[in-house]
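Structure file structure20.cif; described as mmCIF, C-alpha atoms.
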```
data_final
loop_
_atom_site.group_PDB
_atom_site.id
_atom_site.type_symbol
_atom_site.label_atom_id
_atom_site.label_comp_id
_atom_site.auth_asym_id
_atom_site.auth_seq_id
_atom_site.Cartn_x
_atom_site.Cartn_y
_atom_site.Cartn_z
ATOM 1 C CA MET U 1 36.858 -33.877 33.110
ATOM 2 C CA ASP U 2 40.551 -34.604 33.194
ATOM 3 C CA GLN U 3 42.909 -34.181 30.251
ATOM 4 C CA ALA U 4 43.153 -37.925 29.487
ATOM 5 C CA ALA U 5 39.365 -38.269 29.281
ATOM 6 C CA ARG U 6 39.149 -35.192 27.069
ATOM 7 C CA ALA U 7 41.818 -36.580 24.768
ATOM 8 C CA GLY U 8 39.945 -39.876 24.611
ATOM 9 C CA ARG U 9 36.697 -38.116 23.679
ATOM 10 C CA GLN U 10 38.487 -36.066 21.019
ATOM 11 C CA GLU U 11 40.000 -39.227 19.586
ATOM 12 C CA GLN U 12 36.596 -40.927 19.507
ATOM 13 C CA GLU U 13 35.063 -37.880 17.812
ATOM 14 C CA LEU U 14 37.877 -37.829 15.253
ATOM 15 C CA ILE U 15 37.351 -41.525 14.501
ATOM 16 C CA ARG U 16 33.606 -40.927 14.088
ATOM 17 C CA VAL U 17 34.190 -38.017 11.697
ATOM 18 C CA LEU U 18 36.736 -40.009 9.698
ATOM 19 C CA ARG U 19 34.306 -42.926 9.409
ATOM 20 C CA ILE U 20 31.603 -40.611 8.100
ATOM 21 C CA ALA U 21 34.042 -39.027 5.656
ATOM 22 C CA PHE U 22 35.224 -42.439 4.478
ATOM 23 C CA ILE U 23 31.658 -43.682 3.975
ATOM 24 C CA GLY U 24 30.761 -40.501 2.104
ATOM 25 C CA ALA U 25 33.839 -40.760 -0.112
ATOM 26 C CA ALA U 26 33.117 -44.425 -0.815
ATOM 27 C CA ALA U 27 29.525 -43.591 -1.754
ATOM 28 C CA LEU U 28 30.653 -40.810 -4.087
ATOM 29 C CA PHE U 29 33.274 -43.022 -5.662
ATOM 30 C CA GLY U 30 30.737 -45.789 -6.170
ATOM 31 C CA ALA U 31 28.225 -43.420 -7.737
ATOM 32 C CA ALA U 32 30.887 -41.978 -10.040
ATOM 33 C CA ALA U 33 32.067 -45.457 -11.057
ATOM 34 C CA PHE U 34 28.477 -46.511 -11.753
ATOM 35 C CA ALA U 35 27.827 -43.394 -13.867
ATOM 36 C CA PHE U 36 31.085 -43.879 -15.749
ATOM 37 C CA ALA U 37 30.264 -47.534 -16.443
ATOM 38 C CA GLU U 38 26.777 -46.577 -17.600
ATOM 39 C CA GLU U 39 28.160 -44.035 -20.041
ATOM 40 C CA GLN U 40 30.817 -46.431 -21.278
ATOM 41 C CA SER U 41 28.219 -49.064 -22.114
ATOM 42 C CA GLU U 42 27.549 -47.520 -25.514
ATOM 43 C CA PRO U 43 28.721 -49.822 -28.259
ATOM 44 C CA ALA U 44 31.944 -48.821 -29.931
ATOM 45 C CA CYS U 45 31.576 -47.337 -33.373
ATOM 46 C CA ASP U 46 33.579 -49.401 -35.822
ATOM 47 C CA GLY U 47 33.464 -50.576 -39.416
ATOM 48 C CA SER U 48 33.849 -48.483 -42.530
ATOM 49 C CA THR U 49 34.094 -44.707 -42.334
ATOM 50 C CA PRO U 50 30.417 -44.195 -43.281
ATOM 51 C CA GLU U 51 29.360 -46.776 -40.669
ATOM 52 C CA ILE U 52 31.438 -45.077 -37.987
ATOM 53 C CA VAL U 53 30.077 -41.651 -38.896
ATOM 54 C CA GLU U 54 26.470 -42.914 -38.778
ATOM 55 C CA CYS U 55 27.105 -44.634 -35.442
ATOM 56 C CA LEU U 56 28.570 -41.422 -34.019
ATOM 57 C CA LYS U 57 25.575 -39.449 -35.277
ATOM 58 C CA ALA U 58 23.189 -41.894 -33.599
ATOM 59 C CA GLN U 59 25.078 -41.736 -30.291
ATOM 60 C CA THR U 60 25.252 -37.949 -30.495
ATOM 61 C CA ALA U 61 21.489 -37.777 -31.117
ATOM 62 C CA GLN U 62 20.899 -39.779 -27.918
ATOM 63 C CA TRP U 63 23.192 -37.489 -25.935
ATOM 64 C CA ASP U 64 21.597 -34.439 -27.535
ATOM 65 C CA ARG U 65 18.156 -35.528 -26.300
ATOM 66 C CA ARG U 66 19.621 -35.973 -22.840
ATOM 67 C CA LEU U 67 21.322 -32.566 -23.111
ATOM 68 C CA ASN U 68 18.053 -30.888 -24.061
ATOM 69 C CA ALA U 69 16.289 -32.447 -21.076
ATOM 70 C CA ALA U 70 19.069 -31.335 -18.704
ATOM 71 C CA TYR U 71 19.057 -27.838 -20.225
ATOM 72 C CA GLN U 72 15.280 -27.523 -19.794
ATOM 73 C CA GLN U 73 15.568 -28.672 -16.177
ATOM 74 C CA ALA U 74 18.394 -26.197 -15.538
ATOM 75 C CA LEU U 75 16.227 -23.411 -16.961
ATOM 76 C CA ARG U 76 13.378 -24.399 -14.638
ATOM 77 C CA ASP U 77 15.729 -24.509 -11.640
ATOM 78 C CA ALA U 78 17.384 -21.162 -12.387
ATOM 79 C CA GLY U 79 16.358 -17.782 -11.065
ATOM 80 C CA PRO U 80 15.480 -15.043 -13.580
ATOM 81 C CA LYS U 81 19.021 -13.645 -13.895
ATOM 82 C CA GLN U 82 20.573 -17.084 -14.116
ATOM 83 C CA ARG U 83 17.968 -18.243 -16.629
ATOM 84 C CA GLU U 84 18.865 -15.539 -19.163
ATOM 85 C CA GLN U 85 22.578 -16.115 -18.639
ATOM 86 C CA LEU U 86 22.108 -19.855 -19.145
ATOM 87 C CA ARG U 87 20.351 -19.147 -22.456
ATOM 88 C CA VAL U 88 23.237 -16.938 -23.567
ATOM 89 C CA ALA U 89 25.826 -19.478 -22.413
ATOM 90 C CA GLN U 90 24.056 -22.365 -24.161
ATOM 91 C CA ARG U 91 23.854 -20.460 -27.453
ATOM 92 C CA LEU U 92 27.549 -19.632 -27.207
ATOM 93 C CA TRP U 93 28.382 -23.223 -26.258
ATOM 94 C CA VAL U 94 26.573 -24.534 -29.373
ATOM 95 C CA GLN U 95 28.493 -22.029 -31.516
ATOM 96 C CA TYR U 96 31.766 -23.114 -29.902
ATOM 97 C CA ARG U 97 31.021 -26.815 -30.333
ATOM 98 C CA ASP U 98 30.084 -26.408 -33.970
ATOM 99 C CA ALA U 99 33.065 -24.185 -34.802
ATOM 100 C CA ASN U 100 35.522 -26.340 -32.894
ATOM 101 C CA CYS U 101 34.357 -29.564 -34.512
ATOM 102 C CA LEU U 102 34.279 -27.975 -37.961
ATOM 103 C CA TYR U 103 38.033 -27.560 -37.560
ATOM 104 C CA TYR U 104 38.331 -31.360 -37.467
ATOM 105 C CA ASP U 105 35.816 -31.831 -40.281
ATOM 106 C CA LEU U 106 37.902 -29.620 -42.579
ATOM 107 C CA GLY U 107 40.938 -31.880 -42.177
ATOM 108 C CA ASP U 108 42.325 -34.068 -44.920
ATOM 109 C CA GLY U 109 40.997 -37.501 -45.783
ATOM 110 C CA THR U 110 37.992 -39.474 -44.654
ATOM 111 C CA ILE U 111 39.326 -39.647 -41.098
ATOM 112 C CA ALA U 112 38.349 -35.986 -40.756
ATOM 113 C CA ARG U 113 34.657 -36.947 -40.714
ATOM 114 C CA VAL U 114 35.317 -39.473 -37.956
ATOM 115 C CA GLU U 115 37.337 -36.983 -35.900
ATOM 116 C CA ALA U 116 34.604 -34.374 -36.295
ATOM 117 C CA GLY U 117 31.969 -36.913 -35.237
ATOM 118 C CA TYR U 118 33.896 -37.827 -32.115
ATOM 119 C CA CYS U 119 34.392 -34.131 -31.381
ATOM 120 C CA VAL U 120 30.654 -33.414 -31.458
ATOM 121 C CA LEU U 121 29.865 -36.532 -29.427
ATOM 122 C CA GLU U 122 32.455 -35.868 -26.721
ATOM 123 C CA LEU U 123 31.593 -32.180 -26.316
ATOM 124 C CA THR U 124 27.881 -33.006 -26.180
ATOM 125 C CA GLN U 125 28.495 -35.682 -23.541
ATOM 126 C CA THR U 126 30.585 -33.276 -21.460
ATOM 127 C CA ARG U 127 28.007 -30.480 -21.586
ATOM 128 C CA THR U 128 25.194 -32.925 -20.796
ATOM 129 C CA LEU U 129 26.963 -34.251 -17.709
ATOM 130 C CA GLU U 130 27.756 -30.688 -16.615
ATOM 131 C CA LEU U 131 24.106 -29.619 -16.812
ATOM 132 C CA GLU U 132 22.861 -32.868 -15.272
ATOM 133 C CA GLY U 133 25.254 -32.323 -12.368
ATOM 134 C CA LYS U 134 23.942 -28.793 -11.946
ATOM 135 C CA THR U 135 20.305 -29.890 -11.894
ATOM 136 C CA GLU U 136 21.020 -32.758 -9.455
ATOM 137 C CA LYS U 137 22.260 -30.240 -6.883
ATOM 138 C CA HIS U 138 18.892 -28.484 -6.742
#
```
Serialized structure, structure tokens:
Amino acid sequence: MDQAARAGRQEQELIRVLRIAFIGAAALFGAAAFAFAEEQSEPACDGSTPEIVECLKAQTAQWDRRLNAAYQQALRDAGPKQREQLRVAQRLWVQYRDANCLYYDLGDGTIARVEAGYCVLELTQTRTLELEGKTEKH
């Protein structure tokens, strides 16, 4: 095969690989956008401070159920060494979340309760998505 033909084949192979990479990237982007839109579909918590706090508690409870399901699946997927480490990490994560959000709760004024509620919600969402991502890979 002459050099021109080889260069042509390499170019065709490169184009094929780039197409596959582009399609894969587009699929990942679409899946991420869909997941983001799904998570953003929760109604905004507004109204008086007690209404906001109750709304945040309700949303957190939903995410907490999802977190527990993802955690249980991660435990099932893990090997023995990983399983024990996941238990330790989850206990420490709960301690961190609670201590971190208590910082906000101890602030001045009624806004402190709202800030603490958002703190718990956002950290719970983040941990849930982390564990769900881990279990989806297995």
Given the PyMOL selection byres ((chain U and resi 98) around 12), the residues it picks as a list in words
Arg91, Leu92, Trp93, Val94, Gln95, Tyr96, Arg97, Ala99, Asn100, Cys101, Leu102, Tyr103, Tyr104, Asp105, Ala116, Gly117, Cys119, Val120, Leu121, Leu123 and Thr124 of chain U
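With distances restricted to only C-alpha atoms, U:Glu42 is the closest residue to Gln59 in chain U from U:Glu42, U:Ala5, U:Tyr71, U:Gly47.
You can rank U:Glu115, U:Glu130, U:Asp64, U:Asp108 by their closest distance to Ile52 in chain U using all atoms listed in the file, and at the top of that list sits U:Glu115.
Checking U:Glu84, U:Glu122, U:Asp2, U:Glu11 one by one against Lys57 in chain U, counting all atoms listed in the file, you find the shortest gap at U:Glu122.
Nearest residue to Ile111 in chain U, choosing from U:Gln10, U:Gln3, U:Ser48, U:Thr126 and counting all atoms listed in the file: U:Ser48.
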Expressed in Å, the length from CA of Gln62 in chain U to CA of Asp77 in chain U is 22.9 Å
The distance between CA of Ala89 in chain U and CA of Leu75 in chain U is 11.7 Å
